[in-house]
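Q: Data: coords-v5.csv, CSV, C-alpha atoms.
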chain,number,residue,atom,x,y,z
U,11,ALA,CA,0.0,0.0,0.0
U,12,TYR,CA,1.4,3.4,-1.0
U,13,LEU,CA,0.6,7.0,-0.1
U,14,TYR,CA,1.0,9.3,-3.2
U,15,ASP,CA,2.0,12.9,-2.8
U,16,TYR,CA,0.5,14.8,-5.8
U,17,ILE,CA,2.4,18.1,-5.1
U,18,ASN,CA,5.8,16.5,-4.9
U,19,LYS,CA,5.0,13.7,-7.4
U,20,ASN,CA,6.3,10.9,-5.2
U,21,GLU,CA,5.0,8.0,-3.2
U,22,SER,CA,5.9,6.3,0.1
U,23,VAL,CA,5.3,2.8,1.3
U,24,LEU,CA,2.6,2.5,4.0
U,25,LEU,CA,2.5,-1.3,4.2
U,26,ASP,CA,4.4,-4.0,2.5
U,27,THR,CA,3.0,-7.1,4.0
U,28,LEU,CA,-0.1,-7.5,1.8
U,29,THR,CA,0.0,-10.6,-0.4
U,30,ASN,CA,-2.0,-11.5,-3.6
U,31,VAL,CA,-3.7,-8.1,-3.6
U,32,ASN,CA,-6.8,-8.2,-5.8
U,33,GLU,CA,-6.6,-4.7,-7.3
U,34,TYR,CA,-10.1,-5.0,-9.0
U,35,MET,CA,-11.8,-5.7,-5.6
U,36,PHE,CA,-9.8,-3.1,-3.7
U,37,ASN,CA,-12.3,-1.1,-1.6
U,38,CYS,CA,-11.9,1.9,0.8
U,39,THR,CA,-14.6,3.1,3.1
U,40,ASP,CA,-14.4,6.3,5.1
U,41,TYR,CA,-15.5,5.4,8.7
U,42,TYR,CA,-15.1,8.3,11.2
U,43,ASP,CA,-11.3,8.6,12.0
U,44,ASN,CA,-10.3,5.7,9.7
U,45,ILE,CA,-10.3,4.6,6.1
U,46,VAL,CA,-11.2,0.9,6.1
U,47,ILE,CA,-9.4,-1.1,3.3
U,48,THR,CA,-10.4,-4.5,2.0
U,49,ASP,CA,-9.8,-6.6,-1.1
U,50,GLY,CA,-11.2,-10.1,-0.3
U,51,GLU,CA,-7.8,-11.6,-0.2
U,52,ASN,CA,-6.2,-10.0,2.9
U,53,SER,CA,-7.4,-9.4,6.4
U,54,PRO,CA,-9.2,-5.9,6.6
U,55,ILE,CA,-7.0,-3.0,7.7
U,56,LYS,CA,-7.6,0.6,8.7
U,57,PHE,CA,-5.7,3.8,8.0
U,58,ASN,CA,-5.9,6.8,10.4
U,59,GLY,CA,-4.1,9.2,8.2
U,60,THR,CA,-0.7,8.2,9.4
U,61,VAL,CA,-0.4,4.5,9.9
U,62,LEU,CA,-2.1,1.3,8.8
U,63,SER,CA,-3.2,-1.3,11.3
U,64,PRO,CA,-5.3,-4.5,11.3
U,65,ILE,CA,-9.0,-4.5,12.2
U,66,GLY,CA,-9.8,-6.7,15.1
U,67,GLY,CA,-12.7,-8.9,16.1
U,68,THR,CA,-13.0,-10.8,12.9
U,69,SER,CA,-11.2,-13.4,10.8
U,70,ASN,CA,-13.3,-12.7,7.7
U,71,LYS,CA,-11.4,-11.3,4.7
U,72,PHE,CA,-14.1,-8.8,3.7
U,73,GLN,CA,-14.3,-7.9,0.0
U,74,PHE,CA,-16.2,-4.6,0.5
U,75,THR,CA,-17.7,-2.5,3.2
U,76,GLU,CA,-20.2,0.4,3.7
U,77,GLU,CA,-21.1,2.6,6.7
U,78,TYR,CA,-24.8,2.7,7.7
U,79,GLN,CA,-26.3,4.2,10.9
U,80,ASN,CA,-22.8,4.3,12.5
U,81,TYR,CA,-22.3,0.6,11.9
U,82,LEU,CA,-19.8,-0.8,9.4
U,83,PHE,CA,-21.4,-3.4,7.1
U,84,ALA,CA,-19.3,-5.8,5.2
U,85,SER,CA,-19.5,-8.8,2.8
U,86,ILE,CA,-17.4,-11.8,2.0
U,87,VAL,CA,-19.6,-12.5,-1.1
U,88,ASP,CA,-21.9,-15.1,0.4
U,89,ARG,CA,-25.6,-14.9,1.4
U,90,PHE,CA,-25.0,-12.6,4.4
U,91,VAL,CA,-24.0,-9.1,5.3
U,92,TYR,CA,-22.0,-8.7,8.5
U,93,PHE,CA,-21.9,-5.6,10.6
U,94,SER,CA,-19.7,-4.2,13.4
U,95,ASP,CA,-20.7,-2.9,16.8
U,96,LEU,CA,-21.8,0.7,17.1
U,97,TYR,CA,-18.8,3.0,16.4
U,98,ASN,CA,-16.5,0.1,16.9
U,99,ILE,CA,-14.9,-1.6,13.8
U,100,ASP,CA,-12.9,-3.9,16.1
U,101,ALA,CA,-16.0,-5.9,17.3
U,102,TRP,CA,-18.1,-8.0,15.0
U,103,ASN,CA,-21.0,-10.1,16.4
U,104,ASP,CA,-23.9,-9.8,14.0
U,105,SER,CA,-25.0,-10.7,10.5
U,106,ILE,CA,-28.2,-10.5,8.3
U,107,VAL,CA,-29.3,-13.2,5.9
U,108,VAL,CA,-29.9,-11.4,2.6
U,109,SER,CA,-30.1,-13.7,-0.4
U,110,LYS,CA,-32.5,-16.6,-0.7
U,111,SER,CA,-29.9,-18.8,-2.3
U,112,LYS,CA,-26.2,-19.5,-1.8
U,113,PHE,CA,-25.9,-19.4,-5.6
U,114,ASP,CA,-27.0,-15.7,-5.6
U,115,PRO,CA,-24.4,-14.1,-3.3
U,116,VAL,CA,-24.2,-10.5,-2.1
U,117,LYS,CA,-22.2,-8.5,-4.7
U,118,ALA,CA,-22.5,-4.8,-3.5
U,119,MET,CA,-23.8,-2.4,-0.9
U,120,LYS,CA,-24.6,1.4,-1.0
U,121,LYS,CA,-26.1,3.8,1.4
U,122,PHE,CA,-28.8,5.8,-0.4
U,123,ASN,CA,-31.9,7.7,0.6
U,124,GLY,CA,-31.6,6.8,4.3
U,125,ALA,CA,-31.4,3.1,3.7
U,126,LEU,CA,-28.7,0.5,2.9
U,127,TRP,CA,-29.2,-1.0,-0.6
U,128,VAL,CA,-27.8,-4.5,-1.0
U,129,TRP,CA,-27.3,-6.1,-4.5
U,130,THR,CA,-26.9,-9.8,-5.3
U,131,GLU,CA,-26.2,-11.0,-8.8
U,132,ARG,CA,-29.9,-11.1,-9.6
U,133,GLU,CA,-31.8,-9.0,-7.1
U,134,ILE,CA,-31.8,-5.8,-4.9
U,135,TYR,CA,-32.6,-5.8,-1.2
U,136,ILE,CA,-33.0,-2.9,1.2
U,137,ILE,CA,-32.0,-2.8,4.9
U,138,GLU,CA,-33.6,-0.1,7.0
U,139,GLY,CA,-33.5,0.7,10.7
U,140,GLU,CA,-31.8,2.9,13.3
U,141,SER,CA,-30.1,0.3,15.4
U,142,ARG,CA,-29.0,-3.4,15.5
U,143,SER,CA,-32.3,-4.6,17.0
U,144,ALA,CA,-34.4,-2.5,14.6
U,145,PHE,CA,-32.8,-3.5,11.2
U,146,VAL,CA,-35.3,-5.0,8.7
U,147,LYS,CA,-34.6,-6.4,5.3
U,148,TYR,CA,-36.9,-6.6,2.3
U,149,LEU,CA,-36.8,-7.4,-1.4
U,150,HIS,CA,-36.8,-4.2,-3.5
U,151,SER,CA,-36.5,-5.6,-7.0
U,152,SER,CA,-36.0,-8.8,-8.9
U,153,VAL,CA,-35.5,-7.0,-12.3
U,154,CYS,CA,-31.7,-6.8,-12.0
U,155,GLY,CA,-28.7,-7.2,-9.8
U,156,THR,CA,-25.1,-6.1,-10.2
U,157,VAL,CA,-21.7,-7.4,-11.4
U,158,ALA,CA,-19.5,-5.4,-9.1
U,159,HIS,CA,-19.6,-3.3,-5.9
U,160,ALA,CA,-17.2,-0.8,-7.5
U,161,THR,CA,-19.7,0.1,-10.3
U,162,ILE,CA,-22.4,1.5,-8.0
U,163,LYS,CA,-22.2,5.3,-7.6
U,164,VAL,CA,-24.5,8.0,-6.5
U,165,VAL,CA,-24.8,10.8,-9.2
U,166,ARG,CA,-26.7,13.8,-7.8
U,167,ASP,CA,-29.9,12.2,-6.6
U,168,LYS,CA,-29.7,8.9,-8.5
U,169,LEU,CA,-27.9,5.5,-8.2
U,170,ILE,CA,-26.2,4.2,-11.3
U,171,TRP,CA,-24.7,0.7,-11.7
U,172,LEU,CA,-23.8,-2.1,-14.1
U,173,ASP,CA,-25.1,-5.6,-14.3
U,174,ASN,CA,-24.8,-8.3,-16.9
U,175,ASP,CA,-27.5,-6.8,-19.1
U,176,GLY,CA,-26.1,-3.2,-19.1
U,177,PHE,CA,-26.4,0.0,-17.0
U,178,TRP,CA,-29.3,0.8,-14.6
U,179,SER,CA,-30.4,3.8,-12.6
U,180,SER,CA,-32.8,4.4,-9.8
U,181,ASP,CA,-34.0,7.5,-7.8
U,182,GLY,CA,-35.3,5.2,-5.0
U,183,GLY,CA,-38.0,3.5,-7.1
U,184,GLN,CA,-37.8,0.5,-9.4
U,185,PRO,CA,-34.6,0.3,-11.5
U,186,THR,CA,-34.6,1.7,-15.1
U,187,ARG,CA,-32.4,0.6,-17.9
U,188,ILE,CA,-30.2,3.4,-19.3
U,189,GLY,CA,-27.4,3.5,-21.9
U,190,PHE,CA,-29.4,2.1,-24.9
U,191,GLY,CA,-27.2,4.2,-27.2
U,192,ILE,CA,-24.1,2.2,-26.3
U,193,ALA,CA,-25.9,-1.2,-26.4
U,194,PRO,CA,-23.9,-2.5,-29.4
U,195,LEU,CA,-20.7,-1.9,-27.4
U,196,GLN,CA,-22.1,-3.3,-24.1
U,197,ILE,CA,-22.7,-6.7,-25.6
U,198,LYS,CA,-19.0,-6.9,-26.2
U,199,ILE,CA,-18.1,-6.7,-22.5
U,200,ASP,CA,-16.3,-9.9,-21.5
U,201,LYS,CA,-18.8,-11.6,-19.2
U,202,ASP,CA,-16.1,-13.7,-17.6
U,203,ALA,CA,-14.2,-10.6,-16.5
U,204,ILE,CA,-17.1,-8.2,-16.0
U,205,SER,CA,-16.8,-8.4,-12.2
U,206,LYS,CA,-13.6,-6.4,-12.5
U,207,SER,CA,-15.6,-3.3,-13.7
U,208,TRP,CA,-14.9,-0.1,-11.8
U,209,ALA,CA,-16.7,3.2,-11.8
U,210,VAL,CA,-15.9,6.7,-10.5
U,211,VAL,CA,-18.0,10.0,-10.4
U,212,TYR,CA,-15.9,12.9,-11.6
U,213,THR,CA,-16.9,16.6,-11.8
U,214,GLU,CA,-14.9,18.6,-14.3
U,215,PRO,CA,-13.2,21.5,-12.6
U,216,GLU,CA,-13.5,24.1,-15.3
U,217,LEU,CA,-17.1,23.6,-16.4
U,218,GLY,CA,-18.6,21.8,-13.4
U,219,TYR,CA,-20.1,19.0,-15.5
U,220,THR,CA,-20.6,15.7,-13.7
U,221,LYS,CA,-19.6,12.4,-15.3
U,222,TYR,CA,-20.2,8.7,-14.3
U,223,MET,CA,-17.2,6.8,-15.7
U,224,CYS,CA,-17.3,3.0,-15.7
U,225,PHE,CA,-14.1,1.1,-16.7
U,226,VAL,CA,-15.0,-2.3,-18.2
U,227,PRO,CA,-13.2,-5.2,-20.0
U,228,VAL,CA,-14.3,-5.3,-23.7
U,229,ALA,CA,-13.1,-8.1,-25.9
U,230,LYS,CA,-11.5,-6.9,-29.1
U,231,SER,CA,-9.7,-9.9,-30.6
U,232,GLY,CA,-10.6,-12.7,-28.3
U,233,GLU,CA,-11.3,-12.3,-24.6
U,234,SER,CA,-10.2,-9.3,-22.5
U,235,THR,CA,-9.2,-9.8,-18.9
U,236,ILE,CA,-8.4,-6.2,-18.1
U,237,ASN,CA,-10.5,-3.0,-18.0
U,238,ASN,CA,-9.7,-1.4,-21.4
U,239,TYR,CA,-12.8,0.6,-22.2
U,240,CYS,CA,-14.4,3.5,-20.3
U,241,PHE,CA,-18.1,4.2,-20.7
U,242,VAL,CA,-19.0,7.8,-19.7
U,243,TYR,CA,-22.4,9.0,-18.8
U,244,HIS,CA,-22.6,12.8,-19.0
U,245,TRP,CA,-25.2,13.6,-16.4
U,246,ASP,CA,-25.8,17.2,-17.4
U,247,PHE,CA,-26.4,16.3,-21.1
U,248,ASP,CA,-28.1,12.9,-20.7
U,249,CYS,CA,-25.7,11.3,-23.2
U,250,TRP,CA,-22.9,8.7,-23.3
U,251,THR,CA,-19.4,8.6,-24.7
U,252,PHE,CA,-16.7,6.0,-24.5
U,253,ASN,CA,-12.9,5.9,-24.4
U,254,ASP,CA,-10.9,3.0,-25.8
U,255,ASN,CA,-7.6,1.9,-24.3
U,256,TYR,CA,-8.2,3.7,-21.0
U,257,PRO,CA,-6.2,2.5,-17.9
U,258,GLY,CA,-8.8,1.6,-15.2
U,259,ALA,CA,-8.1,-1.3,-12.9
U,260,VAL,CA,-9.1,1.2,-10.2
U,261,ALA,CA,-10.0,4.9,-10.3
U,262,THR,CA,-10.8,7.7,-7.9
U,263,GLU,CA,-11.5,11.4,-7.7
U,264,ALA,CA,-9.2,13.6,-5.6
U,265,GLU,CA,-8.4,17.2,-4.8
U,266,ASP,CA,-5.2,19.2,-4.7
U,267,THR,CA,-4.4,21.7,-2.0
U,268,TYR,CA,-6.5,24.4,-3.7
U,269,GLY,CA,-9.6,22.2,-3.9
U,270,ASN,CA,-9.3,21.6,-7.6
U,271,LYS,CA,-10.8,18.2,-8.7
U,272,LEU,CA,-8.3,15.6,-10.0
U,273,LEU,CA,-9.0,12.2,-11.6
U,274,PHE,CA,-6.6,9.3,-11.1
U,275,SER,CA,-6.6,5.7,-12.3
U,276,GLY,CA,-4.3,2.7,-11.8
U,277,ASP,CA,-3.5,0.0,-14.3
U,278,GLU,CA,-2.6,-3.7,-14.0
U,279,ASN,CA,1.2,-2.9,-14.3
U,280,GLY,CA,1.3,-0.8,-11.2
U,281,TRP,CA,1.3,2.6,-12.9
U,282,LEU,CA,-0.7,5.6,-11.6
U,283,TRP,CA,-2.3,7.8,-14.3
U,284,GLN,CA,-3.8,11.3,-14.1
U,285,LEU,CA,-6.8,11.4,-16.5
U,286,ASP,CA,-8.8,14.3,-18.1
U,287,THR,CA,-5.8,16.6,-18.2
U,288,GLY,CA,-3.6,17.9,-21.0
U,289,GLU,CA,-4.2,17.6,-24.7
U,290,THR,CA,-2.6,14.3,-25.6
U,291,ASP,CA,-2.8,10.6,-24.5
U,292,ASP,CA,0.6,10.2,-23.0
U,293,GLY,CA,2.0,12.2,-25.9
U,294,ASN,CA,-0.2,10.7,-28.6
U,295,ILE,CA,-3.1,12.3,-30.5
U,296,ILE,CA,-6.5,11.6,-28.9
U,297,PRO,CA,-9.1,10.2,-31.3
U,298,GLY,CA,-12.7,10.8,-30.3
U,299,ALA,CA,-16.1,9.2,-30.8
U,300,TYR,CA,-19.7,10.3,-29.9
U,301,ILE,CA,-22.9,8.3,-29.6
U,302,SER,CA,-26.1,10.4,-29.7
U,303,ARG,CA,-29.1,9.9,-27.5
U,304,THR,CA,-32.0,7.8,-28.8
U,305,PHE,CA,-34.3,9.7,-31.2
U,306,ASP,CA,-37.8,8.3,-31.0
U,307,PHE,CA,-39.6,11.6,-31.7
U,308,LYS,CA,-41.6,11.0,-28.5
U,309,LYS,CA,-43.5,8.2,-30.3
U,310,PRO,CA,-41.4,5.1,-30.0
U,311,GLU,CA,-44.3,2.8,-30.9
U,312,LEU,CA,-44.6,4.4,-34.4
U,313,ILE,CA,-42.6,3.3,-37.5
U,314,LYS,CA,-40.9,6.3,-39.1
U,315,THR,CA,-39.3,7.0,-42.5
U,316,VAL,CA,-36.1,9.1,-42.3
U,317,ASN,CA,-34.6,10.6,-45.4
U,318,TRP,CA,-32.0,13.0,-44.1
U,319,ILE,CA,-29.9,13.5,-41.1
U,320,TYR,CA,-28.2,16.9,-40.6
U,321,LEU,CA,-25.0,16.8,-38.6
U,322,TRP,CA,-24.2,20.2,-37.1
U,323,TYR,CA,-20.6,20.7,-36.0
U,324,ARG,CA,-18.0,23.3,-35.1
U,325,THR,CA,-14.2,22.8,-35.2
U,326,ASN,CA,-11.2,25.0,-35.3
U,327,ALA,CA,-9.4,22.9,-37.8
U,328,SER,CA,-10.2,20.7,-40.8
U,329,LYS,CA,-11.1,17.2,-39.6
U,330,THR,CA,-12.3,13.9,-40.9
U,331,ILE,CA,-15.0,11.9,-39.0
U,332,LYS,CA,-16.7,8.6,-39.6
U,333,MET,CA,-20.4,8.2,-39.1
U,334,GLN,CA,-22.8,5.3,-38.7
U,335,ILE,CA,-26.5,5.1,-38.0
U,336,SER,CA,-28.0,2.6,-35.6
U,337,ILE,CA,-31.7,1.7,-36.2
U,338,ASP,CA,-34.3,-0.8,-35.1
U,339,LEU,CA,-33.3,-0.5,-31.4
U,340,GLY,CA,-29.7,-1.2,-32.2
U,341,ASN,CA,-30.3,-4.4,-34.3
U,342,ARG,CA,-29.1,-2.8,-37.6
U,343,VAL,CA,-26.6,-0.2,-38.6
U,344,PHE,CA,-26.0,1.7,-41.9
U,345,PRO,CA,-23.6,1.6,-43.7
U,346,VAL,CA,-23.4,-2.1,-42.8
U,347,SER,CA,-20.0,-3.0,-41.3
U,348,SER,CA,-18.5,0.3,-42.3
U,349,TYR,CA,-18.7,4.1,-41.7
U,350,LYS,CA,-19.6,7.0,-43.9
U,351,THR,CA,-16.6,9.4,-44.0
U,352,LEU,CA,-17.2,13.1,-43.7
U,353,SER,CA,-14.7,15.9,-44.2
U,354,LEU,CA,-15.3,18.9,-41.9
U,355,THR,CA,-13.9,22.3,-42.7
U,356,GLY,CA,-12.4,24.6,-40.2
U,357,SER,CA,-15.2,27.2,-40.2
U,358,GLY,CA,-17.9,24.9,-38.7
U,359,GLU,CA,-20.6,27.3,-39.9
U,360,VAL,CA,-22.2,25.0,-42.4
U,361,PRO,CA,-23.6,21.6,-41.3
U,362,GLY,CA,-22.3,18.4,-42.8
U,363,ILE,CA,-25.1,16.4,-44.3
U,364,TYR,CA,-25.4,12.6,-44.5
U,365,GLU,CA,-28.2,11.1,-46.5
U,366,LEU,CA,-29.5,7.7,-45.4
U,367,GLU,CA,-29.5,6.4,-49.0
U,368,ALA,CA,-29.0,2.8,-47.9
U,369,LEU,CA,-32.5,2.8,-46.3
U,370,GLY,CA,-34.3,3.4,-49.6
U,371,ASP,CA,-38.0,3.0,-49.1
U,372,GLU,CA,-37.7,0.8,-46.0
U,373,ARG,CA,-39.1,1.9,-42.7
U,374,HIS,CA,-37.2,1.5,-39.4
U,375,TYR,CA,-37.2,2.6,-35.8
U,376,LEU,CA,-34.5,5.2,-35.6
U,377,ARG,CA,-32.1,5.4,-32.6
Please express what this file holds, its structure, as structure tokens.
A:
Amino acid sequence: AYLYDYINKNESVLLDTLTNVNEYMFNCTDYYDNIVITDGENSPIKFNGTVLSPIGGTSNKFQFTEEYQNYLFASIVDRFVYFSDLYNIDAWNDSIVVSKSKFDPVKAMKKFNGALWVWTEREIYIIEGESRSAFVKYLHSSVCGTVAHATIKVVRDKLIWLDNDGFWSSDGGQPTRIGFGIAPLQIKIDKDAISKSWAVVYTEPELGYTKYMCFVPVAKSGESTINNYCFVYHWDFDCWTFNDNYPGAVATEAEDTYGNKLLFSGDENGWLWQLDTGETDDGNIIPGAYISRTFDFKKPELIKTVNWIYLWYRTNASKTIKMQISIDLGNRVFPVSSYKTLSLTGSGEVPGIYELEALGDERHYLR
């Protein structure tokens, strides 16, 4: 375990006795005067800002933790959630049975709207109460579960997370699928490695826009065992983008001494990266891609005929972009297996126009 000094650009060793650290399951929870650190492989430890020390009262190697009502809840990825004594993370005497089946283990927890949300692989449960004797558990939804604790984040007043079918959101009610615009890419996520997915919420310092960024393993040529894609949900614009070849075994938002927001990620080779800064990708030109929102013209049940699409743009230099249209709820694309190339001039005053000639007289649902 290292402590990184952003100002002086150096790191110091805090603890060198950890073995077989699972970087994808590495979890930190702020609990009063300590940061609790778990990874499912080593005994849980706590950091008081100066030194690391073991957590007492348990032999469990917790994979993730969450504070609720001044108790620390934890999971070892079985049917239960365990919780400490009040204000005391060195005493563990209680647990709650969550899942109905040992084959549907607890995968995540998050405090939200005054309750503790608990995800299994297939369902969502809620725990409420103000004390140990008053805790009650009930099933909230059987629509979805989650693949990883690290994908669940609170963005403004909503929860966002990832499961095997894609991204979901909830404001406290039943979950709603989001991210249909990137559905063709989501199906390429390596299901055998999807539990490694990791998300972070980042607020851009200059414009103040909030982004939900989820790093996932996407298979390109064969299987992918590392997080190499980053799906980004732009909260303020209700749209998605994605980044290819992004280092993201773990990621976190931080602040410098002036309160400016910083974004860091770590890769599988032990490198620490600062993201969303500068104008190059480690010295290389940054290619970009954009996926629009779904256009259903507020009548998704009707079949439409679309003859033209007008692409408005503005750029300071002449650029070449490639464009593809996804229709029929993502089941078909035009041009098929290729892209329409458009040349943009530096003025950006006149829109580029792409005609859907490939559609002919056919009718499709446009997205």
Q: Residues at most 9 Å from Thr213 (chain U), counting all atoms listed in the file, excluding those fewer than 5 positions away in the same chain, as a list of chain:residue names?
A: U:Gly218, U:Tyr219, U:Thr220, U:Lys221, U:Tyr222, U:Glu263, U:Lys271, U:Leu272
Q: Neighbours of Trp178 (chain U) within 6 Å (all atoms listed in the file; same-chain residues fewer than 6 positions away dropped), as a PyMOL selection string?
A: chain U and resi 170-171+186-188
Q: Taking (-27.4, -5.5, -6.3) in the file's coordinates as the center, which residues reach within 12 Å of it, counting all atoms listed in the file, put as a ChimeraX atom specification?
A: /U:87,108-109,114-120,126-136,149-162,169-174,178-180,185
Q: One decimal, Å: what's the distance from CA of Arg89 (chain U) over to CA of Val107 (chain U), could you say?
A: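 Between these atoms lies a distance of 6.1 Å.
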Q: Please measure the separation of CA of Gly66 (chain U) and CA of Ser205 (chain U), giving the value in Å to one decimal.
A: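 Distance between the two atoms: 28.2 Å.
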